[in-house]
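Novice: Have a peek at my_file-v4.csv (CSV, C-alpha atoms).
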chain,number,residue,atom,x,y,z
O,1,MET,CA,157.9,102.3,80.7
O,2,ALA,CA,159.0,101.9,84.3
O,3,LYS,CA,160.9,98.7,83.4
O,4,SER,CA,162.6,100.2,80.4
O,5,LEU,CA,163.8,103.1,82.6
O,6,ASN,CA,164.8,100.7,85.3
O,7,ILE,CA,162.7,102.4,88.0
O,8,THR,CA,160.1,101.1,90.4
O,9,SER,CA,156.4,101.1,89.2
O,10,GLU,CA,155.0,101.6,92.7
O,11,PHE,CA,154.1,105.0,94.1
O,12,THR,CA,154.9,105.8,97.6
O,13,ASN,CA,152.0,107.1,99.8
O,14,LYS,CA,152.6,110.7,100.7
O,15,ARG,CA,151.9,111.8,104.3
O,16,THR,CA,148.7,113.8,104.7
O,17,SER,CA,149.1,116.9,106.6
O,18,VAL,CA,147.2,117.6,109.8
O,19,GLU,CA,145.4,120.6,108.1
O,20,SER,CA,144.0,118.4,105.3
O,21,LYS,CA,142.7,115.9,107.8
O,22,ASP,CA,141.0,118.7,109.8
O,23,THR,CA,139.4,120.0,106.6
O,24,GLU,CA,138.2,116.5,105.6
O,25,ASN,CA,136.7,115.9,109.1
O,26,LYS,CA,135.0,119.3,109.0
O,27,PHE,CA,133.5,118.6,105.6
O,28,ARG,CA,132.4,115.2,106.8
O,29,ALA,CA,130.7,116.7,109.8
O,30,GLN,CA,128.9,119.3,107.7
O,31,CYS,CA,127.7,116.5,105.4
O,32,TYR,CA,126.4,114.5,108.3
O,33,GLU,CA,124.7,117.6,109.7
O,34,ALA,CA,122.9,118.3,106.4
O,35,LEU,CA,121.8,114.7,106.0
O,36,ASP,CA,120.4,114.6,109.5
O,37,SER,CA,118.5,117.8,108.8
O,38,ILE,CA,117.1,116.3,105.5
O,39,LEU,CA,116.1,113.0,107.2
O,40,SER,CA,114.5,114.7,110.1
O,41,SER,CA,112.5,117.0,107.8
O,42,LEU,CA,111.4,114.0,105.7
O,43,CYS,CA,110.3,112.0,108.7
O,44,TRP,CA,108.4,115.0,110.1
O,45,ARG,CA,106.6,115.5,106.8
O,46,PHE,CA,105.6,111.9,106.4
O,47,GLU,CA,104.5,111.7,110.0
O,48,LYS,CA,102.2,114.7,109.5
O,49,MET,CA,101.0,113.3,106.2
O,50,SER,CA,100.2,109.9,107.9
O,51,GLN,CA,98.3,111.7,110.7
O,52,ILE,CA,96.2,113.6,108.1
O,53,ALA,CA,95.6,110.4,106.0
O,54,SER,CA,94.4,108.5,109.1
O,55,ASP,CA,91.4,110.8,109.3
O,56,PHE,CA,90.2,109.5,105.9
O,57,ASN,CA,91.0,105.8,106.3
O,58,PHE,CA,87.4,104.9,107.2
O,59,LEU,CA,86.3,106.0,103.6
O,60,SER,CA,87.9,102.8,102.1
O,61,GLY,CA,85.7,100.0,101.0
O,62,ASN,CA,87.1,97.6,103.6
O,63,LEU,CA,86.2,99.7,106.6
O,64,LEU,CA,82.9,101.0,105.2
O,65,SER,CA,81.7,97.5,104.7
O,66,THR,CA,82.8,96.2,108.1
O,67,MET,CA,82.7,99.2,110.5
O,68,GLU,CA,79.7,99.7,112.7
O,69,SER,CA,77.5,102.8,112.2
O,70,GLU,CA,78.4,104.3,115.6
O,71,LYS,CA,82.1,104.2,114.7
O,72,ILE,CA,81.4,105.7,111.3
O,73,LYS,CA,79.4,108.5,112.9
O,74,LEU,CA,82.3,109.2,115.3
O,75,TRP,CA,84.8,109.4,112.4
O,76,VAL,CA,82.5,111.6,110.4
O,77,ASN,CA,82.1,114.1,113.2
O,78,ASN,CA,85.8,114.3,113.8
O,79,LEU,CA,86.4,114.8,110.0
O,80,ALA,CA,83.7,117.4,109.7
O,81,LEU,CA,85.1,119.4,112.6
O,82,LYS,CA,88.5,119.7,110.8
O,83,TYR,CA,86.9,120.6,107.5
O,84,ASP,CA,83.8,122.4,108.6
O,85,ARG,CA,83.8,124.8,105.6
O,86,ASP,CA,83.6,121.9,103.2
O,87,LEU,CA,81.7,119.1,105.0
O,88,ASN,CA,78.4,118.8,106.8
O,89,ALA,CA,78.6,116.0,109.5
O,90,ALA,CA,74.9,115.0,109.4
O,91,GLU,CA,74.7,115.0,105.6
O,92,LEU,CA,78.0,113.1,105.2
O,93,TYR,CA,76.9,110.4,107.7
O,94,SER,CA,73.6,110.0,105.9
O,95,GLU,CA,75.3,109.7,102.5
O,96,ILE,CA,77.8,107.1,103.7
O,97,GLU,CA,75.1,105.0,105.2
O,98,ASN,CA,73.2,105.0,101.9
O,99,PHE,CA,76.3,104.5,99.9
O,100,LYS,CA,77.3,101.4,101.9
O,101,TYR,CA,74.3,99.5,100.6
O,102,GLN,CA,74.4,100.8,97.1
O,103,ALA,CA,78.1,100.4,96.5
O,104,PRO,CA,78.2,96.5,96.3
O,105,LEU,CA,75.7,96.8,93.4
O,106,LEU,CA,77.9,99.2,91.6
O,107,MET,CA,81.3,97.7,92.3
O,108,LYS,CA,82.3,94.0,92.0
O,109,LYS,CA,84.8,94.0,94.9
O,110,PHE,CA,83.7,96.8,97.2
O,111,GLU,CA,85.6,95.3,100.1
O,112,ASN,CA,88.9,95.9,98.3
O,113,ALA,CA,88.0,99.3,96.9
O,114,THR,CA,90.3,102.2,97.7
O,115,GLN,CA,89.2,105.9,98.1
O,116,LEU,CA,90.2,106.5,94.5
O,117,ASP,CA,88.1,103.6,93.2
O,118,ILE,CA,85.1,104.9,95.1
O,119,LEU,CA,85.5,108.4,93.7
O,120,LYS,CA,85.9,107.0,90.2
O,121,HIS,CA,82.6,105.1,90.5
O,122,ILE,CA,80.8,108.1,91.9
O,123,HIS,CA,81.8,110.1,88.7
O,124,GLN,CA,81.3,107.1,86.4
O,125,TYR,CA,77.7,106.7,87.5
O,126,SER,CA,77.0,110.5,87.9
O,127,LEU,CA,76.4,110.2,91.6
O,128,LYS,CA,78.1,113.5,92.5
O,129,ASP,CA,74.7,115.2,93.2
O,130,LEU,CA,73.5,112.3,95.2
O,131,TYR,CA,76.6,112.1,97.5
O,132,PRO,CA,78.1,115.7,97.4
O,133,ASN,CA,79.7,115.6,100.8
O,134,LEU,CA,81.2,112.1,100.3
O,135,GLU,CA,82.6,113.2,96.9
O,136,VAL,CA,84.2,116.3,98.4
O,137,ALA,CA,85.7,114.3,101.3
O,138,LEU,CA,87.3,111.9,98.8
O,139,ARG,CA,88.6,114.7,96.7
O,140,ILE,CA,90.2,116.4,99.7
O,141,PHE,CA,91.9,113.2,100.7
O,142,LEU,CA,93.2,112.5,97.2
O,143,THR,CA,94.5,116.0,96.5
O,144,ILE,CA,96.4,116.4,99.8
O,145,PRO,CA,99.7,114.8,98.5
O,146,VAL,CA,99.6,117.1,95.4
O,147,THR,CA,99.6,120.2,97.6
O,148,THR,CA,103.0,119.4,99.1
O,149,ALA,CA,104.7,120.1,95.8
O,150,SER,CA,104.0,123.8,96.1
O,151,CYS,CA,106.8,124.2,98.7
O,152,GLU,CA,109.4,122.7,96.5
O,153,ARG,CA,108.1,124.6,93.4
O,154,SER,CA,108.3,127.9,95.3
O,155,PHE,CA,111.9,127.3,96.4
O,156,SER,CA,113.0,126.4,92.9
O,157,LYS,CA,111.4,129.6,91.6
O,158,LEU,CA,113.0,131.7,94.3
O,159,LYS,CA,116.5,130.6,93.0
O,160,ILE,CA,115.6,132.0,89.6
O,161,ILE,CA,113.9,135.2,90.9
O,162,LYS,CA,116.2,136.3,93.7
O,163,ASN,CA,119.7,136.5,92.2
O,164,TYR,CA,122.6,138.7,93.0
O,165,LEU,CA,121.1,141.6,91.0
O,166,ARG,CA,118.0,141.5,93.2
O,167,SER,CA,119.6,141.0,96.5
O,168,THR,CA,117.8,144.0,98.1
O,169,ILE,CA,114.3,143.1,96.9
O,170,SER,CA,111.6,143.5,99.5
O,171,GLN,CA,109.5,140.6,100.8
O,172,ASN,CA,106.2,141.8,99.4
O,173,ARG,CA,107.7,142.3,95.9
O,174,LEU,CA,109.5,138.9,96.1
O,175,THR,CA,106.2,137.2,97.1
O,176,GLY,CA,104.4,138.9,94.2
O,177,MET,CA,107.0,138.0,91.6
O,178,ALA,CA,107.1,134.4,92.9
O,179,ILE,CA,103.3,134.0,92.5
O,180,LEU,CA,103.6,135.5,89.0
O,181,SER,CA,106.3,133.1,88.1
O,182,ILE,CA,104.6,130.0,89.5
O,183,GLU,CA,101.2,130.8,88.0
O,184,LYS,CA,102.7,131.8,84.6
O,185,ASP,CA,99.9,130.1,82.7
O,186,ILE,CA,97.3,132.4,84.3
O,187,VAL,CA,99.5,135.4,83.8
O,188,LYS,CA,99.7,134.8,80.1
O,189,ILE,CA,95.9,135.2,79.8
O,190,ILE,CA,95.7,138.4,81.9
O,191,SER,CA,95.3,141.6,79.9
O,192,PHE,CA,97.9,144.2,80.9
O,193,ASP,CA,95.6,147.0,79.8
O,194,ASP,CA,92.9,145.9,82.2
O,195,VAL,CA,95.4,145.7,85.0
O,196,ILE,CA,96.8,149.2,84.3
O,197,ASP,CA,93.2,150.6,84.1
O,198,GLN,CA,92.3,149.0,87.4
O,199,PHE,CA,95.5,150.2,89.1
O,200,ALA,CA,94.9,153.7,87.7
O,201,SER,CA,91.4,153.8,89.0
O,202,ILE,CA,92.5,152.7,92.5
O,203,LYS,CA,95.4,155.1,92.8
O,204,SER,CA,93.8,158.1,91.1
O,205,ARG,CA,93.4,161.2,93.2
O,206,LYS,CA,90.3,163.2,92.3
O,207,VAL,CA,90.6,166.8,93.3
O,208,PRO,CA,87.2,168.5,93.9
O,209,LEU,CA,86.6,171.6,91.7
Starting from the file, lay out its structure as C-alpha cells.
Specialist:
Amino acid sequence: MAKSLNITSEFTNKRTSVESKDTENKFRAQCYEALDSILSSLCWRFEKMSQIASDFNFLSGNLLSTMESEKIKLWVNNLALKYDRDLNAAELYSEIENFKYQAPLLMKKFENATQLDILKHIHQYSLKDLYPNLEVALRIFLTIPVTTASCERSFSKLKIIKNYLRSTISQNRLTGMAILSIEKDIVKIISFDDVIDQFASIKSRKVPL
C-alpha cells in the first residue's frame, strides 16, 4: 500500500519526552524494590525452614545406622527441649536405639531410607504403640512444610472478606470471619441452633426475684 501511494514504508522514531522517561524509571525502580522484597522473604523463609529441618536430619536411615549413640542422645535431647510437650527425651532415645536394630529386618535398604519411608514402615507393621515418640517426631517433621500454606491461604481469604464495603471492620471481627471462611468445611457441620443457645446462655442476665 505504501508503494502504491508512493510514500515511504518506514516509520520515524518519535522522541520520548523527559516525563515519560521519568515515569518508566520510577516504575522500574518500584518493580525492582518489590522483587527484592519477595526474594528476601523467600530466602528468609527457606533459611528458617532449613534450620528447623536440620533438627530432624538424624532421623534418616543413613544417620541412624552410622551415628554413634552419644551423638544420637545429644540430638534427641536438643529436639526434646524444643518440643517438650510432644516428646520425651529418655523414651525417644530408647525407642531409637531399639529401632536401629529392628529396622534392617523390616526394610531392605535401611541406609537409604528417608524419614517418610521410616514412618510408612512404622504404620505398615503397626509399630506406632511400640515407638510412640519416634512416630510423633517423624510426623512433626513431615507436617512442618504443610503448615506454611496457612499464611498464603489466610491472605487470599482476606482479599475476599475485607472489600471496600467492609473497610471499617474491626480486627476481632475480621479474624473471626477469616477463620470461618478458612474452616468452611467445619462450619458446615456446626448447628446454628446450638451456637445460638450457647450464646444466649452466656449472655443472659438473670435478675433475682
Novice: Would you kindly identify which residues have an atom no farther than 6 Å from (110.3, 137.7, 93.1), using only C-alpha atoms and the file's own coordinates, and write them out as a list in words?
Specialist: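 Every polymer residue passing the test: Ile161, Arg173, Leu174, Thr175, Met177 and Ala178 of chain O.
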Novice: Go through O:Leu63, O:Asn25, O:Asn133, O:Leu127 one by one, measure the shortest atom-to-atom distance of each to Asn88 of chain O using only C-alpha atoms, and give the residue with the smallest value.
Specialist: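 Nearest candidate to Asn88 of chain O out of O:Leu63, O:Asn25, O:Asn133, O:Leu127: O:Asn133.
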Novice: I need the residue nearest Ser69 of chain O from this list: O:Asn98, O:Ser50, O:Ser170, O:Thr114. Use only C-alpha atoms for the distance.
Specialist: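 Checking each candidate against Ser69 of chain O, we get O:Asn98 as the closest.
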Novice: Excluding Phe99 of chain O and its own-chain neighbours fewer than 2 positions away, which residues fall within 12 Å of it when counting only C-alpha atoms? Please give them as a compact mmCIF listing (two decimals) with C-alpha atoms, in the frame of the given file.
Specialist:
# COMPACT_ATOMS: atom_id res chain seq x y z
CA LEU O 59 86.30 106.00 103.60
CA SER O 60 87.90 102.80 102.10
CA GLY O 61 85.70 100.00 101.00
CA LEU O 64 82.90 101.00 105.20
CA SER O 65 81.70 97.50 104.70
CA LEU O 92 78.00 113.10 105.20
CA TYR O 93 76.90 110.40 107.70
CA SER O 94 73.60 110.00 105.90
CA GLU O 95 75.30 109.70 102.50
CA ILE O 96 77.80 107.10 103.70
CA GLU O 97 75.10 105.00 105.20
CA TYR O 101 74.30 99.50 100.60
CA GLN O 102 74.40 100.80 97.10
CA ALA O 103 78.10 100.40 96.50
CA PRO O 104 78.20 96.50 96.30
CA LEU O 105 75.70 96.80 93.40
CA LEU O 106 77.90 99.20 91.60
CA MET O 107 81.30 97.70 92.30
CA PHE O 110 83.70 96.80 97.20
CA ILE O 118 85.10 104.90 95.10
CA LEU O 119 85.50 108.40 93.70
CA HIS O 121 82.60 105.10 90.50
CA ILE O 122 80.80 108.10 91.90
CA LEU O 127 76.40 110.20 91.60
CA LYS O 128 78.10 113.50 92.50
CA LEU O 130 73.50 112.30 95.20
CA TYR O 131 76.60 112.10 97.50
CA PRO O 132 78.10 115.70 97.40
CA ASN O 133 79.70 115.60 100.80
CA LEU O 134 81.20 112.10 100.30
CA GLU O 135 82.60 113.20 96.90
Novice: When you draw a straight line from atom CA of Lys184 of chain O to atom CA of Leu142 of chain O, how long is it in Å?
Specialist: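 Separation between atom CA of Lys184 of chain O and atom CA of Leu142 of chain O: 24.9 Å.
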Novice: Excluding Asn78 of chain O and any residue of its chain fewer than 4 positions from it, enumerate the residues within 9 Å of it, using only C-alpha atoms, and give them as a JSON list (two decimals) with C-alpha atoms, in the frame of the given file.
Specialist:
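Writing the result to part_16.json gives the following:
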[["chain", "number", "residue", "atom", "x", "y", "z"],
["O", 55, "ASP", "CA", 91.40, 110.80, 109.30],
["O", 73, "LYS", "CA", 79.40, 108.50, 112.90],
["O", 74, "LEU", "CA", 82.30, 109.20, 115.30],
["O", 82, "LYS", "CA", 88.50, 119.70, 110.80],
["O", 83, "TYR", "CA", 86.90, 120.60, 107.50],
["O", 89, "ALA", "CA", 78.60, 116.00, 109.50]]
Novice: For Phe141 of chain O, which of O:Ile72, O:Ala29, O:Ile38, O:Ile52 is the closest residue, counting all atoms listed in the file?
Specialist: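 So, comparing all the options, the nearest one is O:Ile52.
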Novice: In Å, rounded to a single decimal, give me how far atom CA of Leu87 of chain O is from atom CA of Ala137 of chain O.
Specialist: 7.3 Å
Novice: Any idea what the distance is between atom CA of Phe192 of chain O and atom CA of Leu180 of chain O?
Specialist: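 About the pair atom CA of Phe192 of chain O and atom CA of Leu180 of chain O: they are 13.2 Å apart.
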